[in-house]
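So this block is my_file18.pdb, PDB, C-alpha atoms:
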```
ATOM      1  CA  VAL O   1     166.541 -54.155 -81.522  1.00  0.00           C
ATOM      2  CA  PRO O   2     165.760 -50.521 -80.589  1.00  0.00           C
ATOM      3  CA  PHE O   3     162.387 -49.069 -81.472  1.00  0.00           C
ATOM      4  CA  CYS O   4     161.434 -45.570 -82.527  1.00  0.00           C
ATOM      5  CA  PRO O   5     159.648 -43.949 -79.536  1.00  0.00           C
ATOM      6  CA  ARG O   6     157.393 -42.070 -81.946  1.00  0.00           C
ATOM      7  CA  CYS O   7     156.135 -44.662 -84.437  1.00  0.00           C
ATOM      8  CA  GLY O   8     157.277 -47.957 -82.876  1.00  0.00           C
ATOM      9  CA  ALA O   9     159.260 -49.057 -85.929  1.00  0.00           C
ATOM     10  CA  LYS O  10     162.426 -51.131 -85.479  1.00  0.00           C
ATOM     11  CA  GLN O  11     165.609 -49.135 -85.824  1.00  0.00           C
ATOM     12  CA  PRO O  12     169.136 -50.340 -86.629  1.00  0.00           C
ATOM     13  CA  ILE O  13     171.541 -50.691 -83.727  1.00  0.00           C
ATOM     14  CA  SER O  14     174.508 -48.384 -84.031  1.00  0.00           C
ATOM     15  CA  ASN O  15     177.349 -47.562 -81.697  1.00  0.00           C
ATOM     16  CA  SER O  16     178.340 -44.583 -83.804  1.00  0.00           C
ATOM     17  CA  ALA O  17     178.230 -41.225 -82.067  1.00  0.00           C
ATOM     18  CA  ASP O  18     176.921 -39.756 -85.335  1.00  0.00           C
ATOM     19  CA  PHE O  19     173.824 -41.971 -85.410  1.00  0.00           C
ATOM     20  CA  VAL O  20     170.644 -39.900 -85.121  1.00  0.00           C
ATOM     21  CA  PRO O  21     167.242 -41.548 -84.615  1.00  0.00           C
ATOM     22  CA  PRO O  22     164.697 -40.828 -87.378  1.00  0.00           C
ATOM     23  CA  ILE O  23     162.451 -38.646 -85.215  1.00  0.00           C
ATOM     24  CA  PHE O  24     165.358 -36.234 -84.714  1.00  0.00           C
ATOM     25  CA  THR O  25     166.453 -36.106 -88.349  1.00  0.00           C
ATOM     26  CA  PRO O  26     166.763 -32.380 -89.204  1.00  0.00           C
ATOM     27  CA  ILE O  27     164.105 -30.981 -91.528  1.00  0.00           C
ATOM     28  CA  GLN O  28     165.587 -30.337 -94.958  1.00  0.00           C
ATOM     29  CA  THR O  29     164.598 -26.993 -96.506  1.00  0.00           C
ATOM     30  CA  GLU O  30     165.470 -25.390 -99.815  1.00  0.00           C
ATOM     31  CA  TYR O  31     167.072 -22.520 -97.879  1.00  0.00           C
ATOM     32  CA  LYS O  32     169.543 -24.725 -96.010  1.00  0.00           C
ATOM     33  CA  ASN O  33     172.576 -23.221 -97.746  1.00  0.00           C
ATOM     34  CA  SER O  34     171.226 -19.680 -97.899  1.00  0.00           C
ATOM     35  CA  ASN O  35     172.952 -16.916 -95.934  1.00  0.00           C
ATOM     36  CA  GLU O  36     170.025 -14.568 -96.329  1.00  0.00           C
ATOM     37  CA  LYS O  37     168.215 -13.409 -93.208  1.00  0.00           C
ATOM     38  CA  ILE O  38     164.960 -11.730 -92.268  1.00  0.00           C
ATOM     39  CA  ASP O  39     165.036  -9.651 -89.077  1.00  0.00           C
ATOM     40  CA  SER O  40     168.320 -11.346 -88.090  1.00  0.00           C
ATOM     41  CA  GLU O  41     166.882 -14.866 -88.450  1.00  0.00           C
ATOM     42  CA  SER O  42     168.135 -17.273 -91.122  1.00  0.00           C
ATOM     43  CA  LEU O  43     165.821 -18.392 -93.916  1.00  0.00           C
ATOM     44  CA  ASP O  44     166.680 -21.977 -93.014  1.00  0.00           C
ATOM     45  CA  ASP O  45     165.313 -21.565 -89.484  1.00  0.00           C
ATOM     46  CA  ILE O  46     162.273 -19.647 -90.712  1.00  0.00           C
ATOM     47  CA  SER O  47     161.417 -22.212 -93.385  1.00  0.00           C
ATOM     48  CA  THR O  48     161.903 -25.048 -90.878  1.00  0.00           C
ATOM     49  CA  VAL O  49     159.218 -23.528 -88.665  1.00  0.00           C
ATOM     50  CA  ILE O  50     156.867 -22.812 -91.579  1.00  0.00           C
ATOM     51  CA  GLY O  51     156.919 -26.276 -93.111  1.00  0.00           C
ATOM     52  CA  ARG O  52     154.260 -26.066 -95.820  1.00  0.00           C
ATOM     53  CA  ASN O  53     154.179 -23.144 -98.296  1.00  0.00           C
ATOM     54  CA  GLN O  54     157.613 -21.836 -97.334  1.00  0.00           C
ATOM     55  CA  ARG O  55     158.086 -19.623-100.379  1.00  0.00           C
ATOM     56  CA  LYS O  56     154.715 -17.911 -99.969  1.00  0.00           C
ATOM     57  CA  PHE O  57     155.287 -16.891 -96.358  1.00  0.00           C
ATOM     58  CA  ILE O  58     158.959 -15.996 -96.762  1.00  0.00           C
ATOM     59  CA  SER O  59     157.993 -13.728 -99.655  1.00  0.00           C
ATOM     60  CA  PHE O  60     155.529 -11.952 -97.364  1.00  0.00           C
ATOM     61  CA  PHE O  61     157.975 -11.809 -94.444  1.00  0.00           C
ATOM     62  CA  LYS O  62     160.546 -10.078 -96.653  1.00  0.00           C
ATOM     63  CA  LYS O  63     158.119  -7.256 -97.440  1.00  0.00           C
ATOM     64  CA  GLY O  64     157.807  -6.343 -93.757  1.00  0.00           C
ATOM     65  CA  LYS O  65     154.152  -5.340 -94.065  1.00  0.00           C
ATOM     66  CA  LYS O  66     151.412  -5.847 -91.507  1.00  0.00           C
ATOM     67  CA  ALA O  67     148.488  -6.013 -93.913  1.00  0.00           C
ATOM     68  CA  SER O  68     148.135  -8.558 -96.722  1.00  0.00           C
ATOM     69  CA  TRP O  69     145.592 -11.181 -97.734  1.00  0.00           C
ATOM     70  CA  ASN O  70     145.245 -14.824 -96.729  1.00  0.00           C
ATOM     71  CA  TRP O  71     142.533 -16.861 -98.449  1.00  0.00           C
ATOM     72  CA  GLY O  72     142.743 -19.649 -95.894  1.00  0.00           C
ATOM     73  CA  ALA O  73     141.875 -17.247 -93.066  1.00  0.00           C
ATOM     74  CA  PHE O  74     139.099 -15.701 -95.176  1.00  0.00           C
ATOM     75  CA  PHE O  75     137.298 -18.979 -95.880  1.00  0.00           C
ATOM     76  CA  PHE O  76     138.007 -20.812 -92.613  1.00  0.00           C
ATOM     77  CA  GLY O  77     138.365 -18.000 -90.068  1.00  0.00           C
ATOM     78  CA  SER O  78     139.605 -19.193 -86.679  1.00  0.00           C
ATOM     79  CA  LEU O  79     140.090 -22.755 -87.969  1.00  0.00           C
ATOM     80  CA  TYR O  80     142.956 -21.564 -90.153  1.00  0.00           C
ATOM     81  CA  PHE O  81     144.751 -20.168 -87.110  1.00  0.00           C
ATOM     82  CA  PHE O  82     144.417 -23.514 -85.335  1.00  0.00           C
ATOM     83  CA  TYR O  83     145.714 -25.215 -88.505  1.00  0.00           C
ATOM     84  CA  ARG O  84     148.853 -23.047 -88.344  1.00  0.00           C
ATOM     85  CA  LYS O  85     149.197 -23.644 -84.570  1.00  0.00           C
ATOM     86  CA  MET O  86     148.371 -20.022 -83.705  1.00  0.00           C
ATOM     87  CA  TYR O  87     146.282 -21.182 -80.783  1.00  0.00           C
ATOM     88  CA  LYS O  88     145.940 -17.928 -78.845  1.00  0.00           C
ATOM     89  CA  PRO O  89     144.572 -15.815 -81.736  1.00  0.00           C
ATOM     90  CA  GLY O  90     142.545 -18.845 -82.837  1.00  0.00           C
ATOM     91  CA  VAL O  91     140.799 -19.027 -79.459  1.00  0.00           C
ATOM     92  CA  ILE O  92     140.217 -15.248 -79.421  1.00  0.00           C
ATOM     93  CA  ILE O  93     138.683 -15.238 -82.913  1.00  0.00           C
ATOM     94  CA  LEU O  94     136.601 -18.302 -82.117  1.00  0.00           C
ATOM     95  CA  ALA O  95     135.305 -16.645 -78.936  1.00  0.00           C
ATOM     96  CA  LEU O  96     134.502 -13.463 -80.860  1.00  0.00           C
ATOM     97  CA  ASN O  97     132.633 -15.466 -83.481  1.00  0.00           C
ATOM     98  CA  ILE O  98     130.557 -17.279 -80.857  1.00  0.00           C
ATOM     99  CA  THR O  99     129.905 -14.047 -78.939  1.00  0.00           C
ATOM    100  CA  ILE O 100     128.801 -12.137 -82.039  1.00  0.00           C
ATOM    101  CA  THR O 101     126.572 -14.989 -83.196  1.00  0.00           C
ATOM    102  CA  SER O 102     124.996 -15.381 -79.753  1.00  0.00           C
ATOM    103  CA  ALA O 103     124.387 -11.632 -79.354  1.00  0.00           C
ATOM    104  CA  ILE O 104     122.747 -11.277 -82.775  1.00  0.00           C
ATOM    105  CA  THR O 105     120.663 -14.421 -82.265  1.00  0.00           C
ATOM    106  CA  ALA O 106     119.478 -13.151 -78.867  1.00  0.00           C
ATOM    107  CA  PHE O 107     118.553  -9.772 -80.360  1.00  0.00           C
ATOM    108  CA  PHE O 108     116.662 -11.407 -83.232  1.00  0.00           C
ATOM    109  CA  SER O 109     115.121 -14.161 -81.121  1.00  0.00           C
ATOM    110  CA  ASP O 110     111.838 -14.010 -83.073  1.00  0.00           C
ATOM    111  CA  ALA O 111     113.621 -14.528 -86.376  1.00  0.00           C
ATOM    112  CA  TYR O 112     115.686 -17.363 -84.888  1.00  0.00           C
ATOM    113  CA  ALA O 113     112.477 -19.038 -83.691  1.00  0.00           C
ATOM    114  CA  ILE O 114     110.971 -18.694 -87.180  1.00  0.00           C
ATOM    115  CA  MET O 115     114.050 -20.307 -88.729  1.00  0.00           C
ATOM    116  CA  GLY O 116     113.863 -23.120 -86.181  1.00  0.00           C
ATOM    117  CA  ASP O 117     110.206 -23.785 -87.025  1.00  0.00           C
ATOM    118  CA  LEU O 118     110.983 -23.853 -90.748  1.00  0.00           C
ATOM    119  CA  MET O 119     113.834 -26.330 -90.261  1.00  0.00           C
ATOM    120  CA  ASN O 120     111.773 -28.582 -87.983  1.00  0.00           C
ATOM    121  CA  SER O 121     108.938 -28.602 -90.512  1.00  0.00           C
ATOM    122  CA  TYR O 122     111.307 -29.464 -93.353  1.00  0.00           C
ATOM    123  CA  TYR O 123     112.970 -32.331 -91.464  1.00  0.00           C
ATOM    124  CA  SER O 124     109.653 -33.788 -90.276  1.00  0.00           C
ATOM    125  CA  THR O 125     107.457 -33.333 -93.375  1.00  0.00           C
ATOM    126  CA  GLY O 126     109.919 -32.566 -96.154  1.00  0.00           C
ATOM    127  CA  THR O 127     108.148 -29.293 -96.950  1.00  0.00           C
ATOM    128  CA  ILE O 128     108.672 -25.660 -95.967  1.00  0.00           C
ATOM    129  CA  PRO O 129     105.507 -23.894 -94.771  1.00  0.00           C
ATOM    130  CA  ASN O 130     104.518 -20.459 -96.016  1.00  0.00           C
ATOM    131  CA  ILE O 131     105.457 -17.506 -93.855  1.00  0.00           C
ATOM    132  CA  THR O 132     104.108 -13.977 -93.709  1.00  0.00           C
ATOM    133  CA  ASP O 133     105.860 -10.971 -95.202  1.00  0.00           C
ATOM    134  CA  SER O 134     106.642  -9.761 -91.688  1.00  0.00           C
ATOM    135  CA  GLN O 135     108.254 -13.066 -90.767  1.00  0.00           C
ATOM    136  CA  TYR O 136     110.208 -13.104 -94.023  1.00  0.00           C
ATOM    137  CA  SER O 137     111.460  -9.574 -93.367  1.00  0.00           C
ATOM    138  CA  LYS O 138     112.630 -10.466 -89.834  1.00  0.00           C
ATOM    139  CA  LEU O 139     114.330 -13.636 -91.034  1.00  0.00           C
ATOM    140  CA  THR O 140     116.093 -11.840 -93.902  1.00  0.00           C
ATOM    141  CA  GLN O 141     117.287  -9.042 -91.641  1.00  0.00           C
ATOM    142  CA  TYR O 142     118.608 -11.548 -89.121  1.00  0.00           C
ATOM    143  CA  MET O 143     120.512 -13.558 -91.724  1.00  0.00           C
ATOM    144  CA  LEU O 144     121.998 -10.498 -93.458  1.00  0.00           C
ATOM    145  CA  ILE O 145     123.284  -8.984 -90.226  1.00  0.00           C
ATOM    146  CA  LEU O 146     124.624 -12.319 -88.947  1.00  0.00           C
ATOM    147  CA  GLU O 147     126.397 -13.237 -92.175  1.00  0.00           C
ATOM    148  CA  GLY O 148     127.636  -9.668 -92.592  1.00  0.00           C
ATOM    149  CA  CYS O 149     129.280  -9.648 -89.143  1.00  0.00           C
ATOM    150  CA  VAL O 150     130.872 -13.060 -89.698  1.00  0.00           C
ATOM    151  CA  LEU O 151     132.104 -11.920 -93.124  1.00  0.00           C
ATOM    152  CA  LEU O 152     133.587  -8.751 -91.628  1.00  0.00           C
ATOM    153  CA  LEU O 153     135.400 -10.774 -88.963  1.00  0.00           C
ATOM    154  CA  ASN O 154     136.811 -13.130 -91.597  1.00  0.00           C
ATOM    155  CA  ILE O 155     137.995 -10.178 -93.700  1.00  0.00           C
ATOM    156  CA  VAL O 156     139.879  -8.747 -90.719  1.00  0.00           C
ATOM    157  CA  CYS O 157     141.370 -12.210 -90.070  1.00  0.00           C
ATOM    158  CA  SER O 158     142.502 -12.583 -93.665  1.00  0.00           C
ATOM    159  CA  ILE O 159     144.168  -9.145 -93.669  1.00  0.00           C
ATOM    160  CA  PHE O 160     146.273  -9.743 -90.552  1.00  0.00           C
ATOM    161  CA  ALA O 161     146.690 -13.552 -90.621  1.00  0.00           C
ATOM    162  CA  ASN O 162     150.087 -13.476 -92.359  1.00  0.00           C
ATOM    163  CA  TYR O 163     151.437 -10.859 -89.959  1.00  0.00           C
ATOM    164  CA  ALA O 164     150.192 -12.854 -86.974  1.00  0.00           C
ATOM    165  CA  TYR O 165     151.875 -15.925 -88.419  1.00  0.00           C
ATOM    166  CA  LYS O 166     155.153 -14.048 -88.850  1.00  0.00           C
ATOM    167  CA  LYS O 167     155.083 -13.158 -85.148  1.00  0.00           C
ATOM    168  CA  LYS O 168     154.357 -16.817 -84.356  1.00  0.00           C
ATOM    169  CA  VAL O 169     157.287 -18.068 -86.459  1.00  0.00           C
ATOM    170  CA  PHE O 170     159.800 -15.642 -84.977  1.00  0.00           C
ATOM    171  CA  SER O 171     158.531 -16.368 -81.469  1.00  0.00           C
ATOM    172  CA  VAL O 172     159.162 -20.091 -81.987  1.00  0.00           C
ATOM    173  CA  ILE O 173     162.718 -19.384 -83.168  1.00  0.00           C
ATOM    174  CA  LYS O 174     163.419 -17.055 -80.248  1.00  0.00           C
ATOM    175  CA  LYS O 175     162.191 -19.547 -77.637  1.00  0.00           C
ATOM    176  CA  ALA O 176     164.114 -22.407 -79.269  1.00  0.00           C
ATOM    177  CA  LYS O 177     167.335 -20.368 -79.184  1.00  0.00           C
ATOM    178  CA  GLU O 178     166.777 -19.532 -75.532  1.00  0.00           C
ATOM    179  CA  LYS O 179     166.448 -23.236 -74.769  1.00  0.00           C
ATOM    180  CA  MET O 180     169.489 -24.048 -76.867  1.00  0.00           C
ATOM    181  CA  ASN O 181     171.560 -21.729 -74.681  1.00  0.00           C
ATOM    182  CA  SER O 182     170.365 -23.514 -71.564  1.00  0.00           C
ATOM    183  CA  ASP O 183     170.445 -27.176 -70.539  1.00  0.00           C
ATOM    184  CA  ASP O 184     166.917 -27.885 -71.778  1.00  0.00           C
ATOM    185  CA  LEU O 185     168.157 -29.332 -75.070  1.00  0.00           C
ATOM    186  CA  ASN O 186     170.536 -31.878 -73.552  1.00  0.00           C
ATOM    187  CA  VAL O 187     168.427 -34.853 -74.555  1.00  0.00           C
ATOM    188  CA  ASN O 188     169.236 -38.458 -73.789  1.00  0.00           C
ATOM    189  CA  ILE O 189     167.126 -41.012 -75.666  1.00  0.00           C
ATOM    190  CA  MET O 190     166.567 -44.433 -74.134  1.00  0.00           C
ATOM    191  CA  PHE O 191     165.721 -47.224 -76.562  1.00  0.00           C
ATOM    192  CA  ALA O 192     163.428 -49.989 -75.402  1.00  0.00           C
ATOM    193  CA  ASN O 193     165.795 -52.922 -75.713  1.00  0.00           C
ATOM    194  CA  ASP O 194     167.072 -55.324 -73.107  1.00  0.00           C
ATOM    195  CA  GLN O 195     170.213 -53.321 -72.411  1.00  0.00           C
ATOM    196  CA  GLN O 196     168.491 -49.903 -72.581  1.00  0.00           C
ATOM    197  CA  ASN O 197     171.219 -48.332 -74.666  1.00  0.00           C
ATOM    198  CA  GLY O 198     171.475 -44.554 -74.215  1.00  0.00           C
ATOM    199  CA  LEU O 199     171.945 -42.252 -77.195  1.00  0.00           C
ATOM    200  CA  ASN O 200     172.989 -38.601 -76.974  1.00  0.00           C
ATOM    201  CA  VAL O 201     171.703 -36.231 -79.636  1.00  0.00           C
ATOM    202  CA  ASP O 202     173.533 -32.960 -80.290  1.00  0.00           C
ATOM    203  CA  LYS O 203     171.873 -29.628 -79.497  1.00  0.00           C
ATOM    204  CA  LYS O 204     171.740 -28.436 -83.109  1.00  0.00           C
ATOM    205  CA  THR O 205     169.694 -31.472 -84.134  1.00  0.00           C
ATOM    206  CA  ILE O 206     167.286 -31.010 -81.234  1.00  0.00           C
ATOM    207  CA  TYR O 207     167.086 -27.287 -82.038  1.00  0.00           C
ATOM    208  CA  LYS O 208     165.943 -28.049 -85.580  1.00  0.00           C
ATOM    209  CA  PHE O 209     163.525 -30.673 -84.324  1.00  0.00           C
ATOM    210  CA  THR O 210     162.087 -28.134 -81.875  1.00  0.00           C
ATOM    211  CA  LEU O 211     161.530 -25.623 -84.681  1.00  0.00           C
ATOM    212  CA  SER O 212     159.709 -28.126 -86.868  1.00  0.00           C
ATOM    213  CA  SER O 213     157.604 -29.608 -84.050  1.00  0.00           C
ATOM    214  CA  LYS O 214     156.504 -26.239 -82.675  1.00  0.00           C
ATOM    215  CA  GLY O 215     155.874 -24.957 -86.178  1.00  0.00           C
ATOM    216  CA  GLY O 216     154.340 -26.616 -89.227  1.00  0.00           C
ATOM    217  CA  VAL O 217     150.636 -27.368 -89.323  1.00  0.00           C
ATOM    218  CA  SER O 218     148.094 -29.314 -87.290  1.00  0.00           C
ATOM    219  CA  PHE O 219     145.100 -31.153 -88.732  1.00  0.00           C
ATOM    220  CA  VAL O 220     143.813 -32.207 -85.318  1.00  0.00           C
ATOM    221  CA  ALA O 221     143.521 -28.717 -83.757  1.00  0.00           C
ATOM    222  CA  PRO O 222     141.043 -27.269 -86.308  1.00  0.00           C
ATOM    223  CA  LEU O 223     138.941 -30.439 -86.162  1.00  0.00           C
ATOM    224  CA  LEU O 224     138.745 -30.218 -82.381  1.00  0.00           C
ATOM    225  CA  ALA O 225     137.857 -26.523 -82.604  1.00  0.00           C
ATOM    226  CA  TYR O 226     135.126 -27.297 -85.134  1.00  0.00           C
ATOM    227  CA  PHE O 227     133.542 -29.953 -82.929  1.00  0.00           C
ATOM    228  CA  VAL O 228     133.746 -27.647 -79.898  1.00  0.00           C
ATOM    229  CA  VAL O 229     131.833 -24.995 -81.847  1.00  0.00           C
ATOM    230  CA  GLN O 230     129.197 -27.529 -82.871  1.00  0.00           C
ATOM    231  CA  ILE O 231     128.749 -28.681 -79.271  1.00  0.00           C
ATOM    232  CA  ILE O 232     128.491 -25.099 -78.006  1.00  0.00           C
ATOM    233  CA  SER O 233     125.982 -24.268 -80.757  1.00  0.00           C
ATOM    234  CA  MET O 234     123.702 -27.030 -79.545  1.00  0.00           C
ATOM    235  CA  TYR O 235     123.324 -25.320 -76.161  1.00  0.00           C
ATOM    236  CA  LEU O 236     123.032 -21.697 -77.302  1.00  0.00           C
TER     237      LEU O 236
END
```
Write the structure described by the file as structure tokens, please.
Amino acid sequence: VPFCPRCGAKQPISNSADFVPPIFTPIQTEYKNSNEKIDSESLDDISTVIGRNQRKFISFFKKGKKASWNWGAFFFGSLYFFYRKMYKPGVIILALNITITSAITAFFSDAYAIMGDLMNSYYSTGTIPNITDSQYSKLTQYMLILEGCVLLLNIVCSIFANYAYKKKVFSVIKKAKEKMNSDDLNVNIMFANDQQNGLNVDKKTIYKFTLSSKGGVSFVAPLLAYFVVQIISMYL
């Protein structure tokens, strides 16, 4: 009995040339039968890359604007970009966030030390000690500037997140088409049975699989990015 190389589940044996293993089953979209295109790319291909929230993004793509608003990017910043597999801008925004935070913390080192003392006192005794007006002023100034800079960065992210995602989607389609015109998509799948039966999958199926695998969302990437930030924060 052949097994799925992705999940390990048993698969039916078939000698039919039309048999396609489950991991290569084309993604079904509501635009499958649509002839409409955006920038010469079919809505079916675009929606296959998008995965979740197809209508929302396609509606934005049709407008052809660079600026819009994305609440996910506003609340989660760089983590949203990792969620949508926009790794390069995600890393850049994350680095900017860390750099800005580190620079402001270094400039307001006295205020940061005061905040550290307050937190240590609270965790050890359960109470927050009184601070002077001067200390309160430094701490307030530090927090306002820090939060203000982070907020400004998130606003910029939310304005251009949809446009950045459009570029990501169309880049995935372009690269997949380039591979489809080469020999890279001639895939032969070997099932793990005694006879090691080979199974050829057509290029169109692999093309659709490539779009969906390179697109869609990732829950692991933002979690990894979050833990990296926490680890870095411990040593700043």
Shell of 12 Å around stretch 112-115 of chain O, all atoms listed in the file, local chain residues under 6 positions omitted, as a PyMOL selection string:
chain O and resi 101-106+121-122+128-132+134-143+146+236
Please evaluate the PyMOL selection byres ((chain O and resi 168) around 10) against the structure above and give the resulting residues as a PDB file with C-alpha atoms, in the frame of the given file.
```
ATOM      1  CA  VAL O  49     159.218 -23.528 -88.665  1.00  0.00           C
ATOM      2  CA  ILE O  50     156.867 -22.812 -91.579  1.00  0.00           C
ATOM      3  CA  ARG O  84     148.853 -23.047 -88.344  1.00  0.00           C
ATOM      4  CA  LYS O  85     149.197 -23.644 -84.570  1.00  0.00           C
ATOM      5  CA  MET O  86     148.371 -20.022 -83.705  1.00  0.00           C
ATOM      6  CA  TYR O  87     146.282 -21.182 -80.783  1.00  0.00           C
ATOM      7  CA  ASN O 162     150.087 -13.476 -92.359  1.00  0.00           C
ATOM      8  CA  TYR O 163     151.437 -10.859 -89.959  1.00  0.00           C
ATOM      9  CA  ALA O 164     150.192 -12.854 -86.974  1.00  0.00           C
ATOM     10  CA  TYR O 165     151.875 -15.925 -88.419  1.00  0.00           C
ATOM     11  CA  LYS O 166     155.153 -14.048 -88.850  1.00  0.00           C
ATOM     12  CA  LYS O 167     155.083 -13.158 -85.148  1.00  0.00           C
ATOM     13  CA  VAL O 169     157.287 -18.068 -86.459  1.00  0.00           C
ATOM     14  CA  PHE O 170     159.800 -15.642 -84.977  1.00  0.00           C
ATOM     15  CA  SER O 171     158.531 -16.368 -81.469  1.00  0.00           C
ATOM     16  CA  VAL O 172     159.162 -20.091 -81.987  1.00  0.00           C
ATOM     17  CA  ILE O 173     162.718 -19.384 -83.168  1.00  0.00           C
ATOM     18  CA  LYS O 174     163.419 -17.055 -80.248  1.00  0.00           C
ATOM     19  CA  LYS O 214     156.504 -26.239 -82.675  1.00  0.00           C
ATOM     20  CA  GLY O 215     155.874 -24.957 -86.178  1.00  0.00           C
TER      21      GLY O 215
END
```
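With atom CA of O:Phe219 on one side and atom CA of O:Asp44 on the other, the separation reads 23.8 Å.
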Excluding stretch 61-77 of chain O and its own-chain neighbours fewer than 2 positions away, which residues fall within 6 Å of it when counting only C-alpha atoms? Please give them as a list in words.
Ile58, Ser59, Leu79, Tyr80, Asn154, Ile155, Cys157, Ser158, Ile159, Phe160 and Tyr163 of chain O
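Close contacts of stretch 89-92 of chain O, defined as residues with an atom at most 7 Å away when counting only C-alpha atoms, with chain neighbours fewer than 5 positions off set aside, comprise O:Ser78, O:Leu79, O:Phe81, O:Phe82.
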Report, in Å with one decimal, the straight-line distance from atom CA of O:Val217 to atom CA of O:Ala176.
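Atom CA of O:Val217 sits 17.5 Å away from atom CA of O:Ala176.
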Quick one: pull the distance between atom CA of O:Ala225 and atom CA of O:Ala161, Å, one decimal.
17.6 Å
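When only C-alpha atoms are used to measure the gap to O:Met180, the shortest distance among O:Glu30, O:Thr210, O:Leu151, O:Phe60 belongs to O:Thr210.
With only C-alpha atoms as the basis for measurement, O:Leu211 is the residue among O:Cys149, O:Leu211, O:Ala95, O:Val228 that approaches O:Ser47 most closely.
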Centre and edge lengths of an axis-aligned box around all listed atoms of stretch 29-43 of chain O, with 5 Å added on each side, are to be given in Å to one decimal, as AutoDock Vina command-line options.
```
--center_x 168.8 --center_y -18.3 --center_z -94.0 --size_x 18.4 --size_y 27.3 --size_z 21.7
```
